[in-house]
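Source file: final_33.csv (CSV, C-alpha atoms)
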chain,number,residue,atom,x,y,z
Y,268,MET,CA,-25.2,-37.3,63.0
Y,269,LYS,CA,-26.3,-33.7,63.6
Y,270,LEU,CA,-22.8,-32.6,63.3
Y,271,ARG,CA,-22.3,-34.3,59.9
Y,272,VAL,CA,-25.4,-32.6,58.5
Y,273,MET,CA,-24.2,-29.3,59.7
Y,274,ASN,CA,-20.8,-30.0,58.2
Y,275,GLN,CA,-22.4,-30.9,54.9
Y,276,LEU,CA,-24.5,-27.7,55.0
Y,277,MET,CA,-21.5,-25.7,55.7
Y,278,ASP,CA,-19.6,-27.3,52.8
Y,279,ARG,CA,-22.5,-26.6,50.5
Y,280,SER,CA,-22.7,-22.9,51.4
Y,281,GLU,CA,-18.9,-22.7,51.1
Y,282,ASN,CA,-19.2,-24.2,47.6
Y,283,ARG,CA,-21.9,-21.8,46.7
Y,284,ARG,CA,-19.8,-18.9,47.9
Y,285,LEU,CA,-16.9,-20.2,45.8
Y,286,GLU,CA,-19.1,-20.7,42.8
Y,287,ASN,CA,-20.4,-17.2,43.2
Y,288,ARG,CA,-17.0,-15.8,43.4
Y,289,GLY,CA,-16.2,-17.6,40.2
Y,290,LEU,CA,-19.4,-16.1,38.7
Y,291,TRP,CA,-18.3,-12.7,39.8
Y,292,LEU,CA,-14.9,-13.1,38.1
Y,293,LEU,CA,-16.5,-14.3,34.9
Y,294,PRO,CA,-17.8,-10.9,33.6
Y,295,GLY,CA,-14.3,-9.5,34.2
Y,296,LEU,CA,-12.6,-12.3,32.4
Y,297,LEU,CA,-15.0,-12.1,29.5
Y,298,ALA,CA,-14.5,-8.3,29.3
Y,299,ILE,CA,-10.7,-8.8,29.2
Y,300,PHE,CA,-11.1,-11.5,26.5
Y,301,SER,CA,-13.2,-9.1,24.5
Y,302,LEU,CA,-10.8,-6.3,24.9
Y,303,SER,CA,-7.9,-8.4,23.8
Y,304,LEU,CA,-9.8,-9.2,20.6
Y,305,PHE,CA,-9.5,-5.5,19.8
Y,306,LEU,CA,-6.0,-4.9,21.3
Y,307,ILE,CA,-4.0,-7.8,19.9
Y,308,PRO,CA,-4.4,-6.9,16.2
Y,309,ALA,CA,-4.2,-3.1,17.1
Y,310,PHE,CA,-0.9,-3.8,18.8
Y,311,VAL,CA,0.5,-6.0,16.1
Y,312,ILE,CA,-0.3,-3.7,13.2
Y,313,ARG,CA,1.0,-0.5,14.8
Y,314,PRO,CA,2.4,1.9,12.2
Y,315,PHE,CA,6.2,2.1,12.1
Y,316,ARG,CA,6.7,-1.2,13.7
Y,317,HIS,CA,7.9,-4.4,12.2
Y,318,GLN,CA,5.3,-7.1,11.6
Y,319,SER,CA,6.6,-10.6,11.1
Y,320,GLU,CA,4.6,-12.8,8.8
Y,321,ARG,CA,3.3,-14.9,11.8
Y,322,ALA,CA,2.4,-11.9,13.9
Y,323,LEU,CA,0.5,-10.5,10.9
Y,324,GLU,CA,-1.3,-13.8,10.4
Y,325,LEU,CA,-2.3,-13.9,14.0
Y,326,ALA,CA,-3.6,-10.3,13.9
Y,327,ILE,CA,-5.7,-11.0,10.8
Y,328,ALA,CA,-7.0,-14.2,12.2
Y,329,VAL,CA,-8.1,-12.4,15.4
Y,330,LYS,CA,-9.6,-9.6,13.4
Y,331,ARG,CA,-11.7,-12.1,11.4
Y,332,ILE,CA,-13.3,-13.8,14.4
Y,333,ALA,CA,-13.5,-10.7,16.6
Y,334,PRO,CA,-16.8,-9.3,15.5
Y,335,ALA,CA,-18.7,-12.5,16.3
Y,336,LEU,CA,-16.7,-13.3,19.5
Y,337,THR,CA,-17.1,-9.8,21.0
Y,338,VAL,CA,-20.9,-10.0,20.6
Y,339,ALA,CA,-20.9,-13.5,22.2
Y,340,ALA,CA,-18.8,-12.1,25.1
Y,341,LEU,CA,-21.1,-9.1,25.4
Y,342,VAL,CA,-24.1,-11.4,25.6
Y,343,GLY,CA,-22.3,-13.5,28.3
Y,344,VAL,CA,-21.4,-10.4,30.3
Y,345,LEU,CA,-25.0,-9.1,30.1
Y,346,ALA,CA,-26.5,-12.5,31.2
Y,347,LEU,CA,-24.1,-12.7,34.1
Y,348,SER,CA,-24.8,-9.1,35.1
Y,349,LEU,CA,-28.5,-9.7,35.2
Y,350,ARG,CA,-28.0,-12.8,37.3
Y,351,LEU,CA,-25.6,-11.2,39.8
Y,352,TRP,CA,-26.8,-7.6,40.0
Y,353,ARG,CA,-29.3,-8.1,42.9
Y,354,ARG,CA,-26.9,-10.0,45.1
Y,355,SER,CA,-24.0,-7.7,44.4
Y,356,SER,CA,-22.4,-5.3,46.7
Y,357,ARG,CA,-21.7,-1.8,45.6
Y,358,ALA,CA,-18.1,-2.6,44.7
Y,359,SER,CA,-19.2,-5.7,42.7
Y,360,ARG,CA,-21.8,-3.6,40.8
Y,361,THR,CA,-19.1,-1.1,39.9
Y,362,GLY,CA,-17.1,-4.0,38.6
Y,363,ILE,CA,-20.0,-5.3,36.6
Y,364,VAL,CA,-20.6,-1.9,35.0
Y,365,ILE,CA,-17.0,-1.6,34.0
Y,366,ALA,CA,-17.0,-5.1,32.5
Y,367,LEU,CA,-20.2,-4.2,30.6
Y,368,ALA,CA,-18.7,-0.9,29.3
Y,369,LEU,CA,-15.5,-2.7,28.2
Y,370,SER,CA,-17.4,-5.4,26.4
Y,371,VAL,CA,-19.5,-2.8,24.6
Y,372,ALA,CA,-16.5,-0.7,23.7
Y,373,SER,CA,-14.7,-3.8,22.3
Y,374,ALA,CA,-17.7,-4.9,20.3
Y,375,VAL,CA,-17.9,-1.4,18.8
Y,376,MET,CA,-14.2,-1.0,18.2
Y,377,VAL,CA,-13.7,-4.2,16.3
Y,378,ARG,CA,-16.3,-3.0,13.9
Y,379,GLN,CA,-14.5,0.3,13.2
Y,380,ASN,CA,-11.8,0.8,10.6
Y,381,TYR,CA,-9.7,3.3,12.3
Y,382,PHE,CA,-7.2,3.3,9.5
Y,383,GLU,CA,-9.9,5.0,7.4
Y,384,TRP,CA,-10.2,7.7,10.1
Y,385,MET,CA,-6.5,8.3,9.8
Y,386,PHE,CA,-6.2,8.2,6.0
Y,387,HIS,CA,-9.4,9.8,4.6
Y,388,PRO,CA,-10.4,7.6,1.6
Y,389,ILE,CA,-11.7,9.3,-1.5
Y,390,LYS,CA,-15.4,8.7,-1.5
Y,391,ALA,CA,-16.2,10.1,-4.9
Y,392,ALA,CA,-13.3,11.0,-7.2
Y,393,GLY,CA,-13.6,14.1,-9.4
Y,394,PHE,CA,-11.5,14.7,-12.5
Y,395,VAL,CA,-10.6,17.8,-14.5
Y,396,SER,CA,-9.0,18.2,-17.8
Y,397,ALA,CA,-5.2,18.8,-18.0
Y,398,GLY,CA,-5.9,22.5,-18.8
Y,399,ASP,CA,-8.1,23.0,-15.7
Y,400,ALA,CA,-5.8,21.2,-13.3
Y,401,HIS,CA,-4.0,23.6,-10.8
Y,402,LEU,CA,-0.8,21.8,-10.8
Y,403,SER,CA,2.7,23.1,-11.4
Y,404,ASP,CA,4.6,21.6,-14.2
Y,405,LYS,CA,7.1,20.0,-11.8
Y,406,GLU,CA,4.6,18.2,-9.8
Y,407,MET,CA,4.8,14.4,-10.0
Y,408,VAL,CA,1.8,12.4,-11.1
Y,409,MET,CA,1.1,8.7,-11.4
Y,410,ALA,CA,0.2,8.2,-15.0
Y,411,VAL,CA,-1.7,5.4,-16.6
Y,412,ARG,CA,-3.0,5.0,-20.1
Y,413,ILE,CA,-5.4,2.4,-21.4
Y,414,GLY,CA,-6.4,2.5,-25.0
Y,415,GLN,CA,-7.3,6.1,-25.7
Y,416,GLU,CA,-7.8,7.2,-22.1
Y,417,ALA,CA,-5.0,8.8,-20.1
Y,418,ARG,CA,-5.2,9.6,-16.4
Y,419,ALA,CA,-2.9,11.4,-14.0
Y,420,TYR,CA,-3.1,11.1,-10.2
Y,421,PRO,CA,-1.0,13.8,-8.5
Y,422,ILE,CA,1.3,12.0,-6.1
Y,423,VAL,CA,0.9,14.7,-3.4
Y,424,GLN,CA,-2.8,13.7,-3.3
Y,425,MET,CA,-2.3,10.0,-3.5
Y,426,ALA,CA,0.3,10.2,-0.7
Y,427,TYR,CA,-2.5,11.6,1.4
Y,428,HIS,CA,-5.4,9.4,0.4
Y,429,HIS,CA,-3.3,6.4,-0.5
Y,430,ILE,CA,-6.0,4.5,-2.4
Y,431,LEU,CA,-8.5,5.0,-5.2
Y,432,ASN,CA,-10.8,2.7,-7.0
Y,433,ASP,CA,-11.1,3.9,-10.6
Y,434,THR,CA,-12.2,2.7,-14.0
Y,435,VAL,CA,-10.2,3.7,-17.0
Y,436,ALA,CA,-11.4,2.7,-20.5
Y,437,GLU,CA,-13.7,0.3,-18.8
Y,438,VAL,CA,-10.8,-1.4,-17.0
Y,439,PRO,CA,-11.3,-1.4,-13.2
Y,440,ILE,CA,-8.1,-0.4,-11.5
Y,441,VAL,CA,-7.0,0.4,-8.0
Y,442,VAL,CA,-4.4,3.2,-7.6
Y,443,THR,CA,-2.3,2.9,-4.5
Y,444,TYR,CA,0.5,4.9,-3.1
E,208,MET,CA,-1.3,0.2,-9.4
E,209,TRP,CA,-3.3,-2.9,-10.0
E,210,LYS,CA,-6.3,-4.2,-12.0
E,211,ARG,CA,-8.9,-4.7,-9.4
E,212,THR,CA,-10.3,-8.0,-10.6
E,213,ALA,CA,-9.6,-11.5,-9.2
E,214,ARG,CA,-11.1,-14.8,-10.2
E,215,GLY,CA,-13.4,-13.0,-12.6
E,216,ARG,CA,-14.8,-10.6,-10.0
E,217,GLU,CA,-14.5,-6.9,-9.9
E,218,LEU,CA,-13.4,-5.8,-6.5
E,219,HIS,CA,-13.4,-2.5,-4.5
E,220,PHE,CA,-10.5,-2.0,-2.1
E,221,TYR,CA,-10.2,0.0,1.1
E,222,LEU,CA,-7.4,0.5,3.5
E,223,ALA,CA,-7.5,-1.9,6.4
E,224,GLY,CA,-4.1,-1.9,8.1
E,225,ILE,CA,-0.4,-1.4,7.9
E,226,ASN,CA,2.3,-4.0,7.4
E,227,ASN,CA,5.9,-2.8,7.6
E,228,GLN,CA,4.8,0.7,6.4
E,229,ASN,CA,2.9,-0.7,3.5
E,230,PHE,CA,-0.8,-0.9,3.4
E,231,LEU,CA,-3.1,-3.8,3.9
E,232,MET,CA,-6.2,-3.6,1.9
E,233,ARG,CA,-9.5,-5.4,2.0
E,234,ASP,CA,-12.0,-5.8,-0.7
E,235,ARG,CA,-15.6,-5.0,0.0
E,236,GLU,CA,-16.9,-8.0,-2.0
E,237,THR,CA,-15.2,-10.8,0.1
E,238,GLY,CA,-13.4,-9.1,2.9
E,239,SER,CA,-10.2,-10.8,1.9
E,240,TRP,CA,-6.9,-9.2,3.0
E,241,TRP,CA,-4.4,-8.0,0.4
E,242,GLN,CA,-0.8,-6.6,0.5
E,243,GLN,CA,-0.7,-3.3,-1.3
E,244,VAL,CA,3.0,-3.8,-2.3
E,245,THR,CA,2.7,-7.3,-3.7
E,246,GLY,CA,-0.9,-7.3,-4.9
E,247,ARG,CA,-1.5,-10.7,-3.3
E,248,ALA,CA,-4.3,-11.8,-1.1
E,249,ILE,CA,-2.9,-13.2,2.1
E,250,SER,CA,-6.1,-14.1,4.0
E,251,GLY,CA,-9.7,-14.7,3.4
E,252,GLU,CA,-11.8,-16.2,0.6
E,253,LEU,CA,-9.4,-14.9,-2.1
E,254,ALA,CA,-6.2,-15.9,-0.3
E,255,GLY,CA,-3.5,-16.9,-2.9
E,256,SER,CA,-5.0,-14.7,-5.6
E,257,ALA,CA,-2.8,-12.1,-7.2
E,258,LEU,CA,-3.8,-8.9,-8.8
E,259,GLU,CA,-2.5,-8.1,-12.2
E,260,LEU,CA,0.0,-5.2,-12.3
E,261,MET,CA,-1.3,-2.1,-14.2
E,262,PRO,CA,1.7,-0.6,-15.9
E,263,ASN,CA,2.1,3.1,-15.0
E,264,ASP,CA,4.6,5.9,-14.9
E,265,GLU,CA,5.6,8.5,-12.4
E,266,LEU,CA,6.1,11.6,-14.5
E,267,THR,CA,6.2,15.3,-14.0
E,268,PHE,CA,2.9,16.9,-14.9
E,269,ALA,CA,4.5,18.8,-17.7
E,270,LEU,CA,5.8,15.6,-19.3
E,271,TRP,CA,2.5,13.8,-18.8
E,272,LYS,CA,0.7,16.7,-20.5
E,273,SER,CA,3.0,16.8,-23.5
E,274,GLU,CA,2.7,13.1,-24.0
E,275,SER,CA,-1.0,12.7,-23.4
E,276,SER,CA,-2.0,15.7,-25.5
E,277,LYS,CA,0.3,14.6,-28.4
E,278,GLU,CA,-1.2,11.2,-28.7
E,279,HIS,CA,-4.7,11.4,-27.2
E,280,GLY,CA,-5.8,15.0,-27.3
E,281,HIS,CA,-6.9,14.8,-23.7
E,282,GLY,CA,-6.4,13.2,-20.4
E,283,LEU,CA,-8.0,13.6,-17.0
E,284,VAL,CA,-6.4,14.6,-13.8
E,285,LEU,CA,-7.6,13.6,-10.4
E,286,ALA,CA,-9.0,16.7,-8.8
E,287,PRO,CA,-8.3,17.6,-5.2
E,288,VAL,CA,-10.9,16.2,-2.8
E,289,ALA,CA,-13.0,19.0,-1.4
E,290,GLY,CA,-12.1,19.8,2.1
E,291,HIS,CA,-8.7,18.3,1.9
E,292,GLU,CA,-6.9,20.8,-0.3
E,293,LYS,CA,-4.9,22.1,2.7
E,294,ASP,CA,-3.9,18.6,3.8
E,295,TYR,CA,-1.9,17.9,0.7
E,296,ASP,CA,1.7,18.3,1.9
E,297,LYS,CA,4.2,19.0,-0.9
E,298,GLU,CA,6.9,18.2,1.6
E,299,TRP,CA,5.5,14.8,2.4
E,300,GLU,CA,8.7,13.0,1.2
E,301,LYS,CA,10.7,14.9,3.8
E,302,GLU,CA,8.1,14.1,6.4
E,303,VAL,CA,8.2,10.4,5.6
E,304,ALA,CA,12.0,10.4,5.6
E,305,LYS,CA,11.8,11.3,9.3
E,306,TYR,CA,9.7,8.2,10.2
E,307,PRO,CA,11.6,5.3,11.8
E,308,VAL,CA,12.0,2.3,9.6
E,309,PRO,CA,10.5,-1.1,10.8
E,310,LEU,CA,13.4,-3.0,9.3
E,311,THR,CA,16.9,-2.4,8.4
E,312,PHE,CA,19.2,-4.1,5.9
E,313,PRO,CA,22.8,-2.8,6.2
E,314,GLY,CA,25.6,-4.4,4.2
E,315,GLN,CA,24.7,-3.7,0.6
E,316,GLY,CA,25.9,-0.2,0.6
E,317,LEU,CA,22.4,1.5,0.8
E,318,GLN,CA,20.7,3.4,3.6
E,319,ASP,CA,17.3,2.2,4.7
E,320,ARG,CA,15.4,5.2,3.1
E,321,ASP,CA,17.5,5.5,-0.1
E,322,VAL,CA,15.1,5.5,-3.0
E,323,ILE,CA,15.7,2.8,-5.5
E,324,LEU,CA,14.2,1.6,-8.7
E,325,GLY,CA,13.5,-2.1,-8.3
E,326,VAL,CA,13.4,-4.3,-11.3
E,327,THR,CA,12.5,-8.0,-11.3
E,328,PHE,CA,13.1,-10.0,-14.5
E,329,GLY,CA,13.4,-13.7,-15.0
E,330,GLY,CA,13.2,-14.4,-11.3
E,331,GLN,CA,16.0,-12.0,-10.5
E,332,ALA,CA,15.6,-8.7,-8.6
E,333,ARG,CA,17.9,-5.7,-8.8
E,334,ALA,CA,17.8,-2.4,-7.1
E,335,PHE,CA,19.1,0.7,-8.9
E,336,PRO,CA,19.8,3.7,-6.6
E,337,LEU,CA,17.7,6.6,-8.0
E,338,ALA,CA,20.6,9.0,-7.4
E,339,LYS,CA,22.8,6.9,-9.7
E,340,VAL,CA,20.1,6.6,-12.4
E,341,ARG,CA,19.8,10.4,-12.3
E,342,GLY,CA,23.5,11.0,-12.5
E,343,GLN,CA,24.4,8.4,-15.1
E,344,THR,CA,21.3,8.2,-17.3
E,345,PRO,CA,20.9,6.0,-19.2
E,346,VAL,CA,22.0,3.3,-16.9
E,347,GLU,CA,22.5,0.1,-18.8
E,348,ASP,CA,22.6,-3.3,-17.3
E,349,LYS,CA,21.6,-6.9,-17.8
E,350,ILE,CA,19.1,-8.8,-15.6
E,351,ALA,CA,18.8,-12.5,-16.2
E,352,GLY,CA,20.6,-12.0,-19.4
E,353,VAL,CA,18.2,-9.3,-20.7
E,354,PRO,CA,19.6,-5.8,-21.5
E,355,VAL,CA,17.8,-3.0,-19.7
E,356,ALA,CA,18.2,0.7,-19.8
E,357,LEU,CA,17.0,3.0,-17.0
E,358,VAL,CA,16.4,6.5,-18.3
E,359,THR,CA,15.7,9.8,-16.7
E,360,GLY,CA,13.6,11.9,-18.9
E,361,PRO,CA,13.9,15.5,-20.2
E,362,ASP,CA,12.6,16.9,-16.9
E,363,GLY,CA,15.4,15.1,-15.0
E,364,GLU,CA,12.7,13.6,-12.7
E,365,SER,CA,10.6,11.1,-14.6
E,366,VAL,CA,12.1,7.7,-15.0
E,367,ARG,CA,11.4,4.8,-17.4
E,368,VAL,CA,13.0,1.4,-17.9
E,369,PHE,CA,13.2,-0.2,-21.3
E,370,ARG,CA,14.3,-3.5,-22.6
E,371,SER,CA,17.2,-2.3,-24.8
E,372,GLN,CA,16.7,-4.7,-27.6
E,373,TRP,CA,15.4,-4.0,-31.0
E,374,ASN,CA,14.9,-6.4,-33.9
E,375,GLY,CA,16.3,-9.2,-31.7
E,376,MET,CA,19.6,-7.3,-31.2
E,377,ASP,CA,21.0,-5.7,-28.1
E,378,ILE,CA,21.4,-2.0,-28.5
E,379,ASP,CA,23.6,0.5,-26.7
E,380,LEU,CA,21.7,3.7,-25.8
E,381,TYR,CA,23.5,6.9,-25.1
E,382,ARG,CA,22.6,10.5,-24.5
E,383,ASP,CA,22.8,12.9,-27.4
E,384,ALA,CA,25.4,15.4,-26.3
E,385,GLU,CA,23.9,18.0,-28.6
E,386,SER,CA,20.5,17.9,-27.0
E,387,ASP,CA,21.9,18.0,-23.5
E,388,GLY,CA,21.8,21.0,-21.3
E,389,GLN,CA,19.3,22.9,-23.3
E,390,SER,CA,16.6,25.1,-21.5
E,391,GLY,CA,16.9,23.5,-18.2
E,392,GLY,CA,16.3,20.0,-19.5
E,393,GLN,CA,12.9,20.7,-20.9
E,394,SER,CA,14.2,20.6,-24.4
E,395,PRO,CA,11.9,19.1,-27.0
E,396,GLU,CA,15.2,17.9,-28.6
E,397,TRP,CA,15.8,15.5,-25.8
E,398,ARG,CA,16.6,12.1,-27.2
E,399,LEU,CA,18.7,9.0,-27.0
E,400,LEU,CA,20.9,7.6,-29.7
E,401,ASP,CA,21.9,4.1,-30.3
E,402,SER,CA,24.6,2.1,-32.1
E,403,GLN,CA,22.3,1.4,-35.0
E,404,GLY,CA,21.7,5.0,-36.0
E,405,ASN,CA,18.3,5.4,-34.4
E,406,THR,CA,17.1,8.3,-32.2
E,407,TRP,CA,14.7,7.4,-29.4
E,408,ASN,CA,12.4,9.7,-27.4
E,409,PHE,CA,11.4,9.3,-23.7
E,410,ALA,CA,8.4,7.2,-24.6
E,411,GLY,CA,10.9,4.7,-25.9
E,412,CYS,CA,9.9,5.1,-29.5
E,413,ALA,CA,12.3,5.7,-32.4
E,414,THR,CA,11.8,9.1,-34.0
E,415,SER,CA,14.3,8.5,-36.8
E,416,GLY,CA,16.6,5.8,-38.1
E,417,PRO,CA,15.9,2.2,-39.2
E,418,ALA,CA,13.6,1.6,-36.3
E,419,ALA,CA,11.5,4.8,-36.8
E,420,GLY,CA,8.0,4.4,-35.6
E,421,GLN,CA,8.7,1.4,-33.4
E,422,CYS,CA,8.9,1.4,-29.7
E,423,LEU,CA,11.1,-0.4,-27.1
E,424,GLU,CA,9.4,-2.7,-24.6
E,425,LYS,CA,8.8,-0.9,-21.4
E,426,ILE,CA,9.7,-2.8,-18.2
E,427,ASN,CA,7.8,-2.4,-15.0
E,428,PHE,CA,9.7,-1.2,-12.0
E,429,LEU,CA,8.9,-0.1,-8.5
E,430,LYS,CA,10.2,3.1,-7.0
E,431,ASP,CA,10.7,2.1,-3.4
E,432,TYR,CA,12.7,2.6,-0.3
E,433,TRP,CA,15.6,0.3,0.0
E,434,PHE,CA,14.4,-1.4,3.2
E,435,ASP,CA,11.0,-2.1,1.7
E,436,TRP,CA,12.4,-3.5,-1.5
E,437,LYS,CA,14.9,-5.7,0.3
E,438,ASN,CA,12.2,-7.0,2.6
E,439,TYR,CA,10.0,-8.3,-0.3
E,440,ASN,CA,13.0,-9.2,-2.5
E,441,PRO,CA,15.4,-10.7,0.0
E,442,ARG,CA,17.8,-12.0,-2.7
E,443,THR,CA,18.0,-8.7,-4.6
E,444,THR,CA,21.3,-7.5,-5.9
E,445,VAL,CA,22.3,-3.8,-6.0
E,446,TYR,CA,23.5,-2.1,-9.2
E,447,SER,CA,26.9,-0.7,-8.3
E,448,HIS,CA,28.7,0.3,-11.5

How does this structure look as structure tokens?
Amino acid sequence: MKLRVMNQLMDRSENRRLENRGLWLLPGLLAIFSLSLFLIPAFVIRPFRHQSERALELAIAVKRIAPALTVAALVGVLALSLRLWRRSSRASRTGIVIALALSVASAVMVRQNYFEWMFHPIKAAGFVSAGDAHLSDKEMVMAVRIGQEARAYPIVQMAYHHILNDTVAEVPIVVTY
Amino acid sequence: MWKRTARGRELHFYLAGINNQNFLMRDRETGSWWQQVTGRAISGELAGSALELMPNDELTFALWKSESSKEHGHGLVLAPVAGHEKDYDKEWEKEVAKYPVPLTFPGQGLQDRDVILGVTFGGQARAFPLAKVRGQTPVEDKIAGVPVALVTGPDGESVRVFRSQWNGMDIDLYRDAESDGQSGGQSPEWRLLDSQGNTWNFAGCATSGPAAGQCLEKINFLKDYWFDWKNYNPRTTVYSH
């Protein structure tokens, strides 16, 4: 009888230890999940690489859910950290801090448009008359004419900025290169 | 170049990614994802919508100036963005040519980064190697039964594509030998002749002859790298005369 109780007690503490081990793994898993929400689309839409239609679909689908899911993961990691911190060894605490840092970094990164860091969008376009433009005659321009209004977008500038939202003769257009 | 309206809404686009060396854009209004090269929304609220193409030309500044001042008195030029003047790389085409290509389509006689003029008409797509158009201008061909002429302008750089039909008749365009080779190709005399006794300028308008004052229909085309054109127009043929 006594033995059985002791066995049961031992089982229970064993279970708890297992449960705790599971709990300790959870922040790490959540952090990896969160990081993958940033890394999967970043990997798929690398410049110079081929993207199949399905890979692109996956990347965009992940990008669409990533902002919400990374916050949820961060909340989860935070809650677990609070619960586990006191009982944790030094090594586990290091692990918790890393998981937290990764979750925060992911939640921040999925909100950044790093393509805009690379390609410098035009925030406010300025225009000059043909006479005031410092362009050589040979320079290529993208030209559009709507009604009485004509516009020229030097290709050397568009090849750098790539995109411009403009309005010509009250027609909203987007110039891309 | 696209009109940035879809389903009655004005949209503002920004760069959001890269797909086979073309851009992906998103609009600030709905966050939908768009292909720069096709003008189609591929994901998000506006998925399935297509932007309307805004007809445009790639011209030398000199030609643009002469055409826009003649007809409109003025035109505006995008100014360099402050702080980026030094970033504009006149050699950007040579830089791009060094990039690896994400896709390759051998077998139709073109290199991946050969520049082509892509024309789609009546569901058919054809690629015209730019070097060929420059060398043989005007290049005449038929796409889906419609006669087209690809023409390099007086500057030897600017290209336009016209439907070579006037008054319901197919016309043969050819270079006026007399106006050729004058003052480095910048000759104001530059013109095309046709079999009906008309002369045509680079805007595609008849300056004399029975068609005087009338203009040919301009056909949209895309100046593109071969691999990219082939990727989005898998059934394209290549002009090879």

Would you kindly identify which residues have an atom no farther than 12 Å from (17.7, -4.4, -28.4), using all atoms listed in the file and the file's own coordinates, and write them out as a short mmCIF file (atom, residue, chain, number, x, y, z; two decimals) with C-alpha atoms, in the frame of the given file?
data_model
loop_
_atom_site.label_atom_id
_atom_site.label_comp_id
_atom_site.auth_asym_id
_atom_site.auth_seq_id
_atom_site.Cartn_x
_atom_site.Cartn_y
_atom_site.Cartn_z
CA GLU E 347 22.50 0.10 -18.80
CA LYS E 349 21.60 -6.90 -17.80
CA VAL E 353 18.20 -9.30 -20.70
CA PRO E 354 19.60 -5.80 -21.50
CA VAL E 355 17.80 -3.00 -19.70
CA ALA E 356 18.20 0.70 -19.80
CA PHE E 369 13.20 -0.20 -21.30
CA ARG E 370 14.30 -3.50 -22.60
CA SER E 371 17.20 -2.30 -24.80
CA GLN E 372 16.70 -4.70 -27.60
CA TRP E 373 15.40 -4.00 -31.00
CA ASN E 374 14.90 -6.40 -33.90
CA GLY E 375 16.30 -9.20 -31.70
CA MET E 376 19.60 -7.30 -31.20
CA ASP E 377 21.00 -5.70 -28.10
CA ILE E 378 21.40 -2.00 -28.50
CA ASP E 379 23.60 0.50 -26.70
CA LEU E 380 21.70 3.70 -25.80
CA ASP E 401 21.90 4.10 -30.30
CA SER E 402 24.60 2.10 -32.10
CA GLN E 403 22.30 1.40 -35.00
CA ASN E 405 18.30 5.40 -34.40
CA GLY E 411 10.90 4.70 -25.90
CA ALA E 418 13.60 1.60 -36.30
CA GLN E 421 8.70 1.40 -33.40
CA CYS E 422 8.90 1.40 -29.70
CA LEU E 423 11.10 -0.40 -27.10
CA GLU E 424 9.40 -2.70 -24.60
CA LYS E 425 8.80 -0.90 -21.40
#

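Residues from chain E found within 6 Å of chain Y are E:Met208, E:Trp209, E:Lys210, E:Arg211, E:Ile225, E:Asn227, E:Asn263, E:Asp264, E:Glu265, E:Leu266, E:Thr267, E:Phe268, E:Ala269, E:Gly282, E:Leu283, E:Val284, E:Leu285, E:Ala286, E:Tyr295, E:Lys297, E:Pro309, counting all atoms listed in the file.
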
Give me a file of those residues, with C-alpha atoms, as a PDB file, in the frame of the given file.
ATOM      1  CA  MET E 208      -1.300   0.200  -9.400  1.00  0.00           C
ATOM      2  CA  TRP E 209      -3.300  -2.900 -10.000  1.00  0.00           C
ATOM      3  CA  LYS E 210      -6.300  -4.200 -12.000  1.00  0.00           C
ATOM      4  CA  ARG E 211      -8.900  -4.700  -9.400  1.00  0.00           C
ATOM      5  CA  ILE E 225      -0.400  -1.400   7.900  1.00  0.00           C
ATOM      6  CA  ASN E 227       5.900  -2.800   7.600  1.00  0.00           C
ATOM      7  CA  ASN E 263       2.100   3.100 -15.000  1.00  0.00           C
ATOM      8  CA  ASP E 264       4.600   5.900 -14.900  1.00  0.00           C
ATOM      9  CA  GLU E 265       5.600   8.500 -12.400  1.00  0.00           C
ATOM     10  CA  LEU E 266       6.100  11.600 -14.500  1.00  0.00           C
ATOM     11  CA  THR E 267       6.200  15.300 -14.000  1.00  0.00           C
ATOM     12  CA  PHE E 268       2.900  16.900 -14.900  1.00  0.00           C
ATOM     13  CA  ALA E 269       4.500  18.800 -17.700  1.00  0.00           C
ATOM     14  CA  GLY E 282      -6.400  13.200 -20.400  1.00  0.00           C
ATOM     15  CA  LEU E 283      -8.000  13.600 -17.000  1.00  0.00           C
ATOM     16  CA  VAL E 284      -6.400  14.600 -13.800  1.00  0.00           C
ATOM     17  CA  LEU E 285      -7.600  13.600 -10.400  1.00  0.00           C
ATOM     18  CA  ALA E 286      -9.000  16.700  -8.800  1.00  0.00           C
ATOM     19  CA  TYR E 295      -1.900  17.900   0.700  1.00  0.00           C
ATOM     20  CA  LYS E 297       4.200  19.000  -0.900  1.00  0.00           C
ATOM     21  CA  PRO E 309      10.500  -1.100  10.800  1.00  0.00           C
TER      22      PRO E 309
END

#### Entry: Ser348 of chain Y surroundings by only C-alpha atoms, 10 Å radius, close-in-sequence under 2 positions cut, as a PyMOL selection string
chain Y and resi 290-291+293-294+342-346+350-353+355+360+362-364+366-367

### Query
How many Å separate atom CA of Val346 of chain E from atom CA of Gly420 of chain E?
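Straight-line distance from atom CA of Val346 of chain E to atom CA of Gly420 of chain E works out to 23.4 Å.
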
### Task
Tell me, in Å to one decimal, how far atom CA of Arg367 of chain E is from atom CA of Ala332 of chain E.
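We find that atom CA of Arg367 of chain E and atom CA of Ala332 of chain E lie 16.7 Å from each other.
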
### Message
List the spatial neighbours of segment 340-343 of chain E as a PyMOL selection string - criterion: any atom at most 10 Å away, all atoms listed in the file, same-chain residues fewer than 6 positions off excluded.
### Response
chain E and resi 323-324+356-360+363-366+382+446+448

Trp241 of chain E environment, 6 Å, only C-alpha atoms, sequence neighbours closer than 6 positions dropped, as a short mmCIF file (atom, residue, chain, number, x, y, z; two decimals) with C-alpha atoms, in the coordinates of the input:
data_model
loop_
_atom_site.label_atom_id
_atom_site.label_comp_id
_atom_site.auth_asym_id
_atom_site.auth_seq_id
_atom_site.Cartn_x
_atom_site.Cartn_y
_atom_site.Cartn_z
CA LEU E 231 -3.10 -3.80 3.90
CA MET E 232 -6.20 -3.60 1.90
CA ARG E 233 -9.50 -5.40 2.00
CA ARG E 247 -1.50 -10.70 -3.30
CA ALA E 248 -4.30 -11.80 -1.10
CA ILE E 249 -2.90 -13.20 2.10
#
